[in-house]
Amino acid sequence: MANQIRDGFVANEIKSVWTPQQSIEWLGFIWNLSNSTLELPNKKFQGLKLCISALLEGTRRPTCRNLAKVCGKIISMKPALGSICQIMTRNLHMMINSRIYWDSFVHFNDEILQELRFWYFQCENLHFKCITPMLRIPERIIYSDASEYADAGFTVGDNHIVHFMWDKEYRTKSYTWRELKAVKNILESLQLMLCGKLVKLYTDNQNGSMKLDLQVISLNIFHICLNNNIVLEVEWIPRNENTCADALRLDKGKFGLHSLRSGGASTAANFGISEKLLKAHGRWGSDRSTDGYIKDNIQSQMARLNDVVEAEAGPCDSQSAEPVPKAPETPSFESSSVKSDYLPNYLDIGKLSKEDFNRNDNVKLQIMKKKWETVDDFSFPARDIGGIKRNLSSVWLKKHTWLRYSVSRDALYCACCVLFGNDNTRDKSFVTTPVSDWSNIHNYIKQHERLESHSHNDQCSLHFVDVKESKTKPTTSLLSTKYKEDIGRNRHILSQIIDVLILCGRQNIAIKGHTPEKSNFMAILRHTAKKDEILKSHLDNQLAKVKYTSPDIQNEILTMCGEIVRNRIIRDCNKANFFALIGDEATDVSTQEQMSICVRFVDNIDGKILMREEFLRFVRASATTVEVLPDLFISTLEQYEIQIGNMRAQGYDGAANMSGIHKGVQARIKEIVPTANYVHCKAHVLNLVEPCHCTCFPRPLRQNDDGYNTGNSVFLSLFC
């Protein structure tokens, strides 16, 4: 320090600390080196809470300038609090950026109130940030992962497992969204167990994003940890180190109890359990049913394959090289002695998937339309079934036109059920399970034709072919035509109801009556229905639940009409560039103060310059004082997006609280908009002059009197 003083620097004795310290306040933060944290002093929290409470309680005007002061205090805490300062001021920044000018009033929506309340109540709980990595032993370790079907996680040690299946909406979300949602679900499910503990969470996703939906989930995770005093440390690991959570997130819908039944029976058979006991346990009555569930283990399959290869290779010299095992080839009938001209001329269903059918209607049409003309010339392969060589007869294909033969599978399919059927049908024969038991083919066909689903699918296939060949209109087209007719009818009825309401409003006719059915509105509407059959049938329909004639619907329609008229007035006012504000007060029958707000502007309509004075709305005022009315006028104009800076005049009555040049309403508004000059309302001036004029004459004036004509000329010259 002596060197700095010698060089001309002057030390501030008050702010200087001359002894070594482990905790020191510097640059507005507390640098605590004993636990390696950067903390916020208490005065920062108190200053922030005072600013927020002033805005929420109304002691400070809710302007963009005051809102920016709060944001500035929060952002200055970012070195100690982190990115939460940016995330939890997002709506505040959007409101500030949409300002007209700095002193414009703002309306606090729910999002802004939520952020302000968050910082008011939670800012003291977020008081420090670690500035160096610390080696801490976690009390709980969690692994999480997510897929397009589900998310899952588990805790190390006690092995608590959390699993959630995604619905259709969640499956369309991004991979990062699902991973983040998995963390939230796990913490939410285990929050009681994790309360007050240091938790280490491992995940194989490290993507970040500024998208709103991801930030919302992050805030939910933050609140879960904050409310349960959970200290969460997240660490990324490679996917190959997250195998347990990766296995838990698989789609459990693809693994049912039926697979366990087959697996259990196969395991029991491989361990030598008797066939009789297996049939009793599985409730199988025939050998065919039992064989369908029992699968050989891999050792038995490999042994049988080697036997087949050795049998086909024949005897070989012991000194020769050992032959390489080769699996038997699948017979290809296209390359057999049968001519290719005799093969089916439709696509092989056994080689196609469900996606191929759904993706291309031409594939469906080709399978349904084309017939196998050379079926009698085709030589079907023979197989050993029950000790007898059997093959398919072409008679079945010609007799039952819905059958389609698969050369690759040597089996039969039902074309209409494969193309138009439901996967949930109980009988899978001819659909997902092709039939190749030629000894019982008659029973299979007879049983399949009795199914109601087969009859339905057969009708669907016929309708599909007719639509593709333009023999009939598609069902969607017929439904669309009926839908359009209903829309046109409903719009016609609603337009007649709206016209009657507009007529009543334009002619100042009371809408309601002693009862809804005897009101002026219903009387005019029924008179209109005498020449309108659609409206008449709608009103006379006693079964109709919705007629759009109730008082609530009337009020809703009138409100919408008023909004349309008001929006046009606002559009024309902003288009005129300049306008004047006119306001007055009246007390309604409920003794509530109502302020009428009008705007006056110049408009060009078809080349004619017109002065328009338009009413905006009545606004209920809590008081008619100077403190309340300016904010009420300005906030109403901003609510309807009228440019405050274009105000060039303001007109009120001559009351002191309105016209005062120092502390009146006009003076307060002129502080905000300097160009808004005050003009005493001419209607109020006339109201004051007329009584004084009448008291100048001893008797009532007649039309032929000179005083009458003189007074008229004065009034016309002053106010017209």
# chains A, B, ... in the order shown; residues from 1 in each chain; ligands from 1

call {"tool": "residues_around", "arguments": {"residues": "region 177-189 of chain A", "least_positions_apart": "6", "cutoff": "8 Å", "atoms": "only C-alpha atoms", "output": "PyMOL selection string"}}
result
chain A and resi 144-148+151-153+162+164+170+205+213-214+217-218+220-221+224

call {"tool": "select_by_dssp", "arguments": {"residues": "region 466-678 of chain A", "states": "strand (DSSP E)", "output": "PDB file with N, CA and C atoms, in the first residue's frame"}}
result
ATOM      1  N   PHE A 579     -55.724  13.270 -31.910  1.00  0.00           N
ATOM      2  CA  PHE A 579     -57.060  13.156 -31.346  1.00  0.00           C
ATOM      3  C   PHE A 579     -57.122  13.980 -30.061  1.00  0.00           C
ATOM      4  N   ALA A 580     -58.353  14.192 -29.585  1.00  0.00           N
ATOM      5  CA  ALA A 580     -58.607  14.885 -28.319  1.00  0.00           C
ATOM      6  C   ALA A 580     -59.372  13.946 -27.400  1.00  0.00           C
ATOM      7  N   LEU A 581     -59.069  14.017 -26.102  1.00  0.00           N
ATOM      8  CA  LEU A 581     -59.736  13.202 -25.090  1.00  0.00           C
ATOM      9  C   LEU A 581     -60.827  14.025 -24.425  1.00  0.00           C
ATOM     10  N   ILE A 582     -62.025  13.446 -24.301  1.00  0.00           N
ATOM     11  CA  ILE A 582     -63.150  14.100 -23.645  1.00  0.00           C
ATOM     12  C   ILE A 582     -63.651  13.157 -22.559  1.00  0.00           C
ATOM     13  N   GLY A 583     -63.799  13.675 -21.337  1.00  0.00           N
ATOM     14  CA  GLY A 583     -64.261  12.853 -20.232  1.00  0.00           C
ATOM     15  C   GLY A 583     -65.241  13.597 -19.350  1.00  0.00           C
ATOM     16  N   ASP A 584     -66.184  12.865 -18.765  1.00  0.00           N
ATOM     17  CA  ASP A 584     -67.152  13.451 -17.844  1.00  0.00           C
ATOM     18  C   ASP A 584     -67.612  12.368 -16.883  1.00  0.00           C
ATOM     19  N   GLU A 585     -68.203  12.799 -15.789  1.00  0.00           N
ATOM     20  CA  GLU A 585     -68.593  11.885 -14.724  1.00  0.00           C
ATOM     21  C   GLU A 585     -70.092  11.939 -14.505  1.00  0.00           C
ATOM     22  N   ALA A 586     -70.667  10.770 -14.168  1.00  0.00           N
ATOM     23  CA  ALA A 586     -72.083  10.684 -13.811  1.00  0.00           C
ATOM     24  C   ALA A 586     -72.237   9.573 -12.788  1.00  0.00           C
ATOM     25  N   THR A 587     -73.253   9.670 -11.962  1.00  0.00           N
ATOM     26  CA  THR A 587     -73.525   8.669 -10.933  1.00  0.00           C
ATOM     27  C   THR A 587     -74.736   7.855 -11.357  1.00  0.00           C
ATOM     28  N   GLU A 593     -69.728   5.782  -9.347  1.00  0.00           N
ATOM     29  CA  GLU A 593     -69.219   6.814 -10.232  1.00  0.00           C
ATOM     30  C   GLU A 593     -68.816   6.191 -11.565  1.00  0.00           C
ATOM     31  N   GLN A 594     -69.411   6.669 -12.652  1.00  0.00           N
ATOM     32  CA  GLN A 594     -69.127   6.178 -13.992  1.00  0.00           C
ATOM     33  C   GLN A 594     -68.514   7.310 -14.816  1.00  0.00           C
ATOM     34  N   MET A 595     -67.339   7.054 -15.380  1.00  0.00           N
ATOM     35  CA  MET A 595     -66.663   8.036 -16.229  1.00  0.00           C
ATOM     36  C   MET A 595     -66.915   7.678 -17.686  1.00  0.00           C
ATOM     37  N   SER A 596     -67.493   8.610 -18.432  1.00  0.00           N
ATOM     38  CA  SER A 596     -67.673   8.412 -19.876  1.00  0.00           C
ATOM     39  C   SER A 596     -66.435   8.947 -20.582  1.00  0.00           C
ATOM     40  N   ILE A 597     -65.841   8.123 -21.434  1.00  0.00           N
ATOM     41  CA  ILE A 597     -64.610   8.474 -22.140  1.00  0.00           C
ATOM     42  C   ILE A 597     -64.898   8.508 -23.630  1.00  0.00           C
ATOM     43  N   CYS A 598     -64.603   9.652 -24.264  1.00  0.00           N
ATOM     44  CA  CYS A 598     -64.829   9.845 -25.693  1.00  0.00           C
ATOM     45  C   CYS A 598     -63.537  10.341 -26.340  1.00  0.00           C
ATOM     46  N   VAL A 599     -63.454  10.149 -27.646  1.00  0.00           N
ATOM     47  CA  VAL A 599     -62.332  10.685 -28.423  1.00  0.00           C
ATOM     48  C   VAL A 599     -62.904  11.526 -29.567  1.00  0.00           C
ATOM     49  N   ARG A 600     -62.190  12.570 -29.915  1.00  0.00           N
ATOM     50  CA  ARG A 600     -62.606  13.490 -30.985  1.00  0.00           C
ATOM     51  C   ARG A 600     -61.448  13.591 -31.976  1.00  0.00           C
ATOM     52  N   PHE A 601     -61.742  13.353 -33.253  1.00  0.00           N
ATOM     53  CA  PHE A 601     -60.679  13.361 -34.258  1.00  0.00           C
ATOM     54  C   PHE A 601     -61.272  13.721 -35.618  1.00  0.00           C
ATOM     55  N   VAL A 602     -60.398  14.018 -36.554  1.00  0.00           N
ATOM     56  CA  VAL A 602     -60.785  14.397 -37.916  1.00  0.00           C
ATOM     57  C   VAL A 602     -60.649  13.171 -38.806  1.00  0.00           C
ATOM     58  N   ASP A 603     -61.664  12.906 -39.613  1.00  0.00           N
ATOM     59  CA  ASP A 603     -61.653  11.725 -40.471  1.00  0.00           C
ATOM     60  C   ASP A 603     -61.962  12.138 -41.909  1.00  0.00           C
ATOM     61  N   ASN A 604     -61.376  11.412 -42.820  1.00  0.00           N
ATOM     62  CA  ASN A 604     -61.592  11.638 -44.256  1.00  0.00           C
ATOM     63  C   ASN A 604     -62.413  10.483 -44.794  1.00  0.00           C
ATOM     64  N   ILE A 605     -63.692  10.728 -45.057  1.00  0.00           N
ATOM     65  CA  ILE A 605     -64.606   9.697 -45.546  1.00  0.00           C
ATOM     66  C   ILE A 605     -65.029  10.056 -46.963  1.00  0.00           C
ATOM     67  N   LYS A 608     -64.471  13.565 -47.987  1.00  0.00           N
ATOM     68  CA  LYS A 608     -65.099  14.590 -47.166  1.00  0.00           C
ATOM     69  C   LYS A 608     -64.420  14.623 -45.795  1.00  0.00           C
ATOM     70  N   ILE A 609     -64.013  15.804 -45.377  1.00  0.00           N
ATOM     71  CA  ILE A 609     -63.377  15.980 -44.080  1.00  0.00           C
ATOM     72  C   ILE A 609     -64.461  16.159 -43.027  1.00  0.00           C
ATOM     73  N   LEU A 610     -64.530  15.238 -42.083  1.00  0.00           N
ATOM     74  CA  LEU A 610     -65.571  15.267 -41.059  1.00  0.00           C
ATOM     75  C   LEU A 610     -64.925  15.270 -39.675  1.00  0.00           C
ATOM     76  N   MET A 611     -65.544  16.002 -38.745  1.00  0.00           N
ATOM     77  CA  MET A 611     -65.136  15.990 -37.350  1.00  0.00           C
ATOM     78  C   MET A 611     -65.977  14.947 -36.617  1.00  0.00           C
ATOM     79  N   ARG A 612     -65.329  13.918 -36.096  1.00  0.00           N
ATOM     80  CA  ARG A 612     -66.045  12.829 -35.431  1.00  0.00           C
ATOM     81  C   ARG A 612     -65.774  12.861 -33.926  1.00  0.00           C
ATOM     82  N   GLU A 613     -66.839  12.716 -33.174  1.00  0.00           N
ATOM     83  CA  GLU A 613     -66.741  12.615 -31.724  1.00  0.00           C
ATOM     84  C   GLU A 613     -67.395  11.298 -31.331  1.00  0.00           C
ATOM     85  N   GLU A 614     -66.565  10.310 -30.898  1.00  0.00           N
ATOM     86  CA  GLU A 614     -67.030   8.949 -30.690  1.00  0.00           C
ATOM     87  C   GLU A 614     -66.881   8.547 -29.224  1.00  0.00           C
ATOM     88  N   PHE A 615     -67.886   7.815 -28.769  1.00  0.00           N
ATOM     89  CA  PHE A 615     -67.893   7.305 -27.395  1.00  0.00           C
ATOM     90  C   PHE A 615     -67.152   5.969 -27.357  1.00  0.00           C
ATOM     91  N   LEU A 616     -66.232   5.805 -26.371  1.00  0.00           N
ATOM     92  CA  LEU A 616     -65.494   4.552 -26.216  1.00  0.00           C
ATOM     93  C   LEU A 616     -66.170   3.615 -25.221  1.00  0.00           C
ATOM     94  N   ARG A 617     -66.364   4.080 -23.980  1.00  0.00           N
ATOM     95  CA  ARG A 617     -66.989   3.208 -22.986  1.00  0.00           C
ATOM     96  C   ARG A 617     -67.193   3.973 -21.680  1.00  0.00           C
ATOM     97  N   PHE A 618     -67.981   3.377 -20.790  1.00  0.00           N
ATOM     98  CA  PHE A 618     -68.085   3.834 -19.410  1.00  0.00           C
ATOM     99  C   PHE A 618     -67.069   3.059 -18.570  1.00  0.00           C
ATOM    100  N   VAL A 619     -66.383   3.768 -17.691  1.00  0.00           N
ATOM    101  CA  VAL A 619     -65.411   3.147 -16.798  1.00  0.00           C
ATOM    102  C   VAL A 619     -65.791   3.497 -15.367  1.00  0.00           C
ATOM    103  N   ARG A 620     -65.900   2.477 -14.525  1.00  0.00           N
ATOM    104  CA  ARG A 620     -66.237   2.719 -13.122  1.00  0.00           C
ATOM    105  C   ARG A 620     -65.007   3.288 -12.401  1.00  0.00           C
ATOM    106  N   ALA A 621     -65.221   4.392 -11.687  1.00  0.00           N
ATOM    107  CA  ALA A 621     -64.138   5.059 -10.974  1.00  0.00           C
ATOM    108  C   ALA A 621     -64.321   4.867  -9.476  1.00  0.00           C
ATOM    109  N   MET A 647     -52.148  12.548 -28.536  1.00  0.00           N
ATOM    110  CA  MET A 647     -53.153  13.397 -27.910  1.00  0.00           C
ATOM    111  C   MET A 647     -52.738  14.866 -28.034  1.00  0.00           C
ATOM    112  N   ARG A 648     -53.637  15.667 -28.580  1.00  0.00           N
ATOM    113  CA  ARG A 648     -53.363  17.092 -28.766  1.00  0.00           C
ATOM    114  C   ARG A 648     -54.281  17.984 -27.951  1.00  0.00           C
ATOM    115  N   ALA A 649     -55.320  17.441 -27.335  1.00  0.00           N
ATOM    116  CA  ALA A 649     -56.238  18.250 -26.531  1.00  0.00           C
ATOM    117  C   ALA A 649     -56.953  17.344 -25.549  1.00  0.00           C
ATOM    118  N   GLN A 650     -57.447  17.948 -24.469  1.00  0.00           N
ATOM    119  CA  GLN A 650     -58.259  17.253 -23.477  1.00  0.00           C
ATOM    120  C   GLN A 650     -59.354  18.198 -23.007  1.00  0.00           C
ATOM    121  N   GLY A 651     -60.579  17.700 -22.947  1.00  0.00           N
ATOM    122  CA  GLY A 651     -61.708  18.547 -22.604  1.00  0.00           C
ATOM    123  C   GLY A 651     -62.538  17.975 -21.482  1.00  0.00           C
ATOM    124  N   TYR A 652     -62.762  18.805 -20.430  1.00  0.00           N
ATOM    125  CA  TYR A 652     -63.586  18.402 -19.298  1.00  0.00           C
ATOM    126  C   TYR A 652     -64.449  19.593 -18.892  1.00  0.00           C
ATOM    127  N   ASN A 677     -53.254  19.948 -24.734  1.00  0.00           N
ATOM    128  CA  ASN A 677     -53.727  21.219 -24.179  1.00  0.00           C
ATOM    129  C   ASN A 677     -55.159  21.070 -23.672  1.00  0.00           C
ATOM    130  N   TYR A 678     -55.445  21.773 -22.570  1.00  0.00           N
ATOM    131  CA  TYR A 678     -56.778  21.687 -21.972  1.00  0.00           C
ATOM    132  C   TYR A 678     -57.714  22.692 -22.630  1.00  0.00           C
TER     133      TYR A 678
END

call {"tool": "closest_residue", "arguments": {"among": "A:Asp486, A:Glu469, A:Glu25, A:Asp348", "to": "Asn42 (chain A)", "atoms": "only C-alpha atoms"}}
result
A:Glu25

call {"tool": "residues_around", "arguments": {"residues": "Arg140 (chain A)", "least_positions_apart": "6", "cutoff": "10 Å", "atoms": "only C-alpha atoms", "output": "number ranges by chain"}}
result
A: 155-158, 193-194, 197-201, 232

call {"tool": "residues_around", "arguments": {"residues": "Arg65 (chain A)", "least_positions_apart": "6", "cutoff": "12 Å", "atoms": "only C-alpha atoms", "output": "JSON, numbers by chain"}}
result
{"A": [51, 55, 71, 72, 92, 93, 95, 96, 97, 99, 100, 101, 102, 103, 104, 105, 106]}

call {"tool": "closest_residue", "arguments": {"among": "A:Phe633, A:Ala683, A:Asn646, A:Met560", "to": "Gln666 (chain A)", "atoms": "only C-alpha atoms"}}
result
A:Phe633

call {"tool": "residues_around", "arguments": {"residues": "Asp376 (chain A)", "least_positions_apart": "4", "cutoff": "12 Å", "atoms": "only C-alpha atoms", "output": "list in words"}}
result
Asp341, Tyr342, Leu343, Pro344, Trp372, Phe380, Leu392, Ser393, Ser394, Val395, Trp396, Leu397 and Lys398 of chain A

call {"tool": "atom_distance", "arguments": {"atom1": "CA of Pro381 (chain A)", "atom2": "CA of Arg404 (chain A)"}}
result
15.9 Å

call {"tool": "atom_distance", "arguments": {"atom1": "CA of Thr549 (chain A)", "atom2": "CA of Asn520 (chain A)"}}
result
12.0 Å

call {"tool": "residues_around", "arguments": {"residues": "Asp532 (chain A)", "least_positions_apart": "4", "cutoff": "12 Å", "atoms": "only C-alpha atoms", "output": "number ranges by chain"}}
result
A: 489, 492-493, 496, 525-528, 536-539

call {"tool": "residues_around", "arguments": {"residues": "region 26-29 of chain A", "least_positions_apart": "2", "cutoff": "9 Å", "atoms": "only C-alpha atoms", "output": "list in words"}}
result
Ile24, Trp31, Leu38, Glu39, Leu40, Pro41, Lys44, Met77, Pro79 and Ala80 of chain A

call {"tool": "write_last_selection", "arguments": {"atoms": "C-alpha atoms", "output": "PDB file, in the first residue's frame"}}
result
ATOM      1  CA  ILE A  24     -15.617  -9.731   2.731  1.00  0.00           C
ATOM      2  CA  TRP A  31     -17.156 -13.247  -0.992  1.00  0.00           C
ATOM      3  CA  LEU A  38     -20.683 -15.865  -3.517  1.00  0.00           C
ATOM      4  CA  GLU A  39     -23.510 -14.499  -1.363  1.00  0.00           C
ATOM      5  CA  LEU A  40     -25.898 -11.566  -1.506  1.00  0.00           C
ATOM      6  CA  PRO A  41     -26.056  -9.054   1.340  1.00  0.00           C
ATOM      7  CA  LYS A  44     -30.065  -6.129  -1.627  1.00  0.00           C
ATOM      8  CA  MET A  77     -27.999 -10.527  -8.591  1.00  0.00           C
ATOM      9  CA  PRO A  79     -23.495 -13.563 -10.373  1.00  0.00           C
ATOM     10  CA  ALA A  80     -24.768 -15.002  -7.079  1.00  0.00           C
TER      11      ALA A  80
END
